[in-house]
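> My questions will all concern the structure given below.
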Amino acid sequence: MTYEPRRLERKWQERWEDGGRYEADPGDDEDATFVTVPYPYPSGGMHIGHARTYTVPDVYARYRRLQGDDVLFPIAWHVTGTPIIGAVNRLQKGEEEQLSVLRDTYNVPEDELEELETPMGFARYFIENHYKRNMKSLGLSIDWRREFTTNDERYSKFVTWQYETLREDDRLEKGFHPVKYCTEEENPVTTHDLLEGEDAERQEYTLVKFGLGDTKVPMATLRPETVRGVTNAYVKPDGRYVEAEVDGETWLISHEAAHKLTLQQRDVEIVEEFSGEALVGERVENPVTGEDVLILPADFVDPDNATGVVMSVPAHSPDDWMALQAAKADEERLREYGIDPAEVAEIEPKAIIDVEAYDDVFPARAAVEEHGITSADDPALEEATQEVYNREFHAGTLKDMYGEDAGAVVEDVRDELAARYRESGQFDAMYDFSEPVVCRCGGTVEVAEQETWFLTYNDEDWKALAHEVVSEMDVVPETSRDQFDHTIDWLEEWPCIRNYGLGTKLPWDDDFVIEPLSDSTIYMAYYTIAHRIEDVPPEELTAEFFDALFDGPEAVEGEAPERALELREEWDYWYPVDYRVSGNDLISNHLTFFLFHHADLFERANWPEGVAIMGMGLLEGEKMSSSKGHVVLPAEAIEEYGADTVRFFLLNSAQPWQDYDWRADEVASTRKSLNRFYERAEEVVDLDTPAREDVELRRIDRWLLSKLQRTVETTTDAMDEFETRSASQEAFYRFEEDLRWYRKRTDTERPAATWVRQEVLCTRLRLLAPVVPFLANELHEALAGVPVEDAAWPEVDHDLVSTRVEVEEELIESLVDDVRDIVEVTGTDPESITVYTPADWKGTVFETVAETGTDVGAVMGKVMQKESLRERGDAVNDLVQDLVADVREYDDEELAALEAVDERELYADAAGFLAREFDATVDVVPEADATDEKAEQAVPFRPAIRLE
RNA sequence: GCGAGAGUGGCCGAGUGGCCAAAGGCGGCGGGCUUAAGACCCGCUCCCGUAGGGGUACGUGGGUUCGAAUCCCACCUCUCGCACCA
């Protein structure tokens, strides 16, 4: 029979479905296992990377079931927020890129595109046709009764309860927050909605309010600490500028800046408009030093960047250095603007930061010279600027004129210094992007400040609780634990609502929707009751209901709702989450939010017990990308290779937390391996099971059984740690090598060998069942009469472990290797092989070394007490040196086993095998009986060899 | 820049103080099986070597140690995350 994975997979899939195999209900397991994975976001189809994400928890779930646990593995669908709405909008507008992704990447049939034109229609399509179908084909052991979407009415009631509770706990706060805002649509937008500037950074500029009489000219800078180094300012002469009342002050800023400030909740009223030229030649007063500086004309100034007026610090900015040189050089232009060139010529850079990296008081000059920059449009100028900025930021110290800040490193003092001047009114601030940002609608996107609600992840007491969760939970891999602690420390308040999108309305203000990363922090709790809450009318799902459900009857005043208490049993049974399996990119938000919310909302006993982190996937060495069509669809992969192969490849090519690479040729070779395994297994299944009395185990049989026990042990350890790669490597590939040796070494047709092979197969199928459930169930049922999932995870049978036999086989193996080496080096094909076993006195020396340890002196002392050895002098000395080196390589158990080995008997026993292997006659001769002087080379466990 | 992770043979990838010239796979070479191809099986695949040996090697440069791919320091390179995006 050949291996036909698809046929066999359909059969098991049907059996599981019909029997509701993975529907998990509370039973009497003291420590039921609950494993979850982030619910998919069906804003598009599923690719092979997703397949792995969901298979990892499935493997663990299957493993725990074999270990006898009740296991719950549920799934649901995340539809909150704007991505799906955005996708639908793009579809409705007929955007080519979107249509191509749907048609070509995800194979949506033309006549079904229409269904996708509503958000939930769109989501439903991908849920049913991609995610659900693929998950079933992959054999995920999901309890399908519990699925829901985050747009469901009852789920919303649950989230409502969550946010009302958080508010009562003082975890929410109202305030302003910068957002990307489309000035055309007058709406906040997401990265997804952008046509240009997806990578734009939002920068917070400090505005240094230079004075022009009572009027302020705010100069934008990212380096507020350079305020004492300003020598002049620049404005774009033909730019549009305005005089505006800003929060009661008169500011001169660019026209664009005035608009931006309006969006940033500043009270702005434009008084009059003028051209930048009007400012040129004016002198403005530095609010910190009181010095007057001249405003020069410069075309490089962009009115659409921050305030459109910039201050110049030529000593520390290569850009400014070059600009000042240029200004001084172009006297004619200065005169044009009515500036006395002599006045400009007098402008001297002011050094204000010490930095060792440059051997010049003016780092800017040094950098310009080092980079050989001669003109302002040299591309190296940007590099030089960046270099100076970096060096000064990390290693620069402020000079004496900074008073109390003098000597401080820029990095340590910048923010504080800016805050201080802001406080006292000399500075201000505004946001702007680092590059133009354009919405898909064509409108300009700006930074706007919007009133919003925040989750106060910056609260110290909340952070402390979250740290406690981290310290008590299991983190796989352990190296990720620091990242959680780090994220907790770093998180500030998180705006948790949006103006529009799918999901749950903010309970006390239905203009707002709770955003996706905020409505998905405790939903694992919802899984425990998702299928049963369907029977409860939504209007009964009050705060009281959930209080009683999650906190118990005493948590509500008066009579607790009866239905809630019924559901509470289910929640009690499954919670807490044993493992949350999720991507490493989610540590910095979702996973950490998950910890915060659990810490606040649930009692300690229900805090998460573990997280397992997943790596990222590549496709043929490159990033997957659905817009480029560079994806592999699970359905196609399964059709081509079979689900077990897909699973096996995904879990065996790297540990879950490591990045992996889907390579078609490697997947194909995985398929071949499974093929081979299956065919061999079928042969073993078909053999008659020998009668017990016919079974007489030989050394090699006991060796294989011993190896099998080791395999059970290491595989179990690996599975406990989510090391799916180690587990499958061990149970599959590693053990294949043992079998190869076994087949080479012995007649596998013997009854005992048949018995051993069936025993081995049965155990391996159980070890492999979590990873390749279809194949393992099929073969196990054929072999043992029941599907593997009705069997138990194997346990180590200590009676079958024999270090002695293992050590003996190693000796035979190294004997074969040595013979092969000699054959190769000499290029001969021997007719006869003579194996000389070492003389007894050598064995005595070995025993002494084994007992005494690796101290050569001590061994020699003991050995030389024996008359018979003393007379051998140097020979003994040499042997001791060698044996000490050998012995270091073994542990105590192996040494004891070695001492018990009778080499002569062992090699004689293997003579037949050696003879077959090399097609030669084999003799085993003790050194004492040998006439060949070669025999003297024999040392314990390294017999001398003569080939002829 | 900040935070985290990583750099091993032609490629992928194990290996965290001596069993390491370094598992396994892919690719390559030779052989077997076969009418043949595929599949499968066996062996080889850093350099030198007609006896199981020696040399060089694990990003680079130092150091610790009797001994380093493995520990320490510095540097270089790469990947991911850095916030309102799920």
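FYI, nothing fancy with the structure tokens labels: chains A, B, ... in order, residues from 1 per chain, ligands from 1 as they appear.
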Can you check which residues of segment 576-680 of chain A DSSP gives as helix (DSSP H, G or I) on the backbone and send them as number ranges by chain?
A: 584-601, 604-606, 634-641, 643-652, 664-680
> For the structure I just gave you, how does DSSP split segment 10-95 of chain A - specifically, which residues are strand (DSSP E)? Reply as a list in words.
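So the strand (DSSP E) residues in segment 10-95 of chain A would be Thr33, Phe34, Val35, Thr36, Val71 and Leu72 of chain A.
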> Quick check, in Å to one decimal: how far apart do atom CA of Val310 of chain A and atom C1' of A83 of chain B lie?
28.5 Å
> Counting only C-alpha atoms (C1' of nucleotides), which residues from chain A have an atom at most 8 Å from any atom of chain B, and could you show them as a tab-separated table (two decimals) with C-alpha atoms, in the first residue's frame?

chain	number	residue	atom	x	y	z
A	41	TYR	CA	-8.05	38.52	12.03
A	83	PRO	CA	-8.75	46.84	8.75
A	179	VAL	CA	-3.12	60.59	16.00
A	190	THR	CA	-4.46	54.01	10.24
A	191	THR	CA	-1.23	53.04	8.54
A	192	HIS	CA	-3.35	50.86	6.30
A	390	ASN	CA	24.54	60.64	17.40
A	483	GLN	CA	11.22	41.34	27.22
A	486	HIS	CA	11.04	45.53	29.83
A	494	TRP	CA	-2.57	53.46	25.84
A	495	PRO	CA	-5.40	55.11	23.94
A	516	PRO	CA	-8.68	45.84	18.67
A	517	LEU	CA	-5.72	45.52	20.98
A	585	ASP	CA	6.06	40.64	17.75
A	588	SER	CA	5.41	44.57	23.13
A	666	GLU	CA	12.52	20.70	1.95
A	733	TYR	CA	14.89	11.17	12.54
A	734	ARG	CA	17.14	10.31	15.45
A	818	ASP	CA	38.10	1.96	12.40
A	819	VAL	CA	38.13	-0.87	9.91
A	821	ASP	CA	38.98	4.10	7.96
A	822	ILE	CA	41.86	1.76	7.35
A	825	VAL	CA	43.25	5.14	3.71
A	826	THR	CA	45.00	2.09	2.31
A	827	GLY	CA	42.64	1.69	-0.59
A	888	ARG	CA	37.41	11.56	30.86
A	889	GLU	CA	34.90	11.06	28.09
A	890	TYR	CA	32.65	8.71	30.04
> Quick one: residues within 12 Å of U60 of chain B, only C-alpha atoms (C1' of nucleotides), excluding same-chain residues fewer than 2 positions away - as a PDB file with C-alpha atoms (C1' of nucleotides), in the first residue's frame?

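The resulting file, selection.pdb, is reproduced below:
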ATOM      1  C1'   G B   7      26.297  35.040  13.322  1.00  0.00           C
ATOM      2  C1'   G B  62      41.946  40.052  22.304  1.00  0.00           C
ATOM      3  C1'   A B  74      35.840  44.844  22.492  1.00  0.00           C
ATOM      4  C1'   C B  75      34.429  45.357  17.513  1.00  0.00           C
ATOM      5  C1'   C B  76      31.769  44.147  12.899  1.00  0.00           C
ATOM      6  C1'   U B  77      27.344  42.255  10.506  1.00  0.00           C
TER       7        U B  77
END
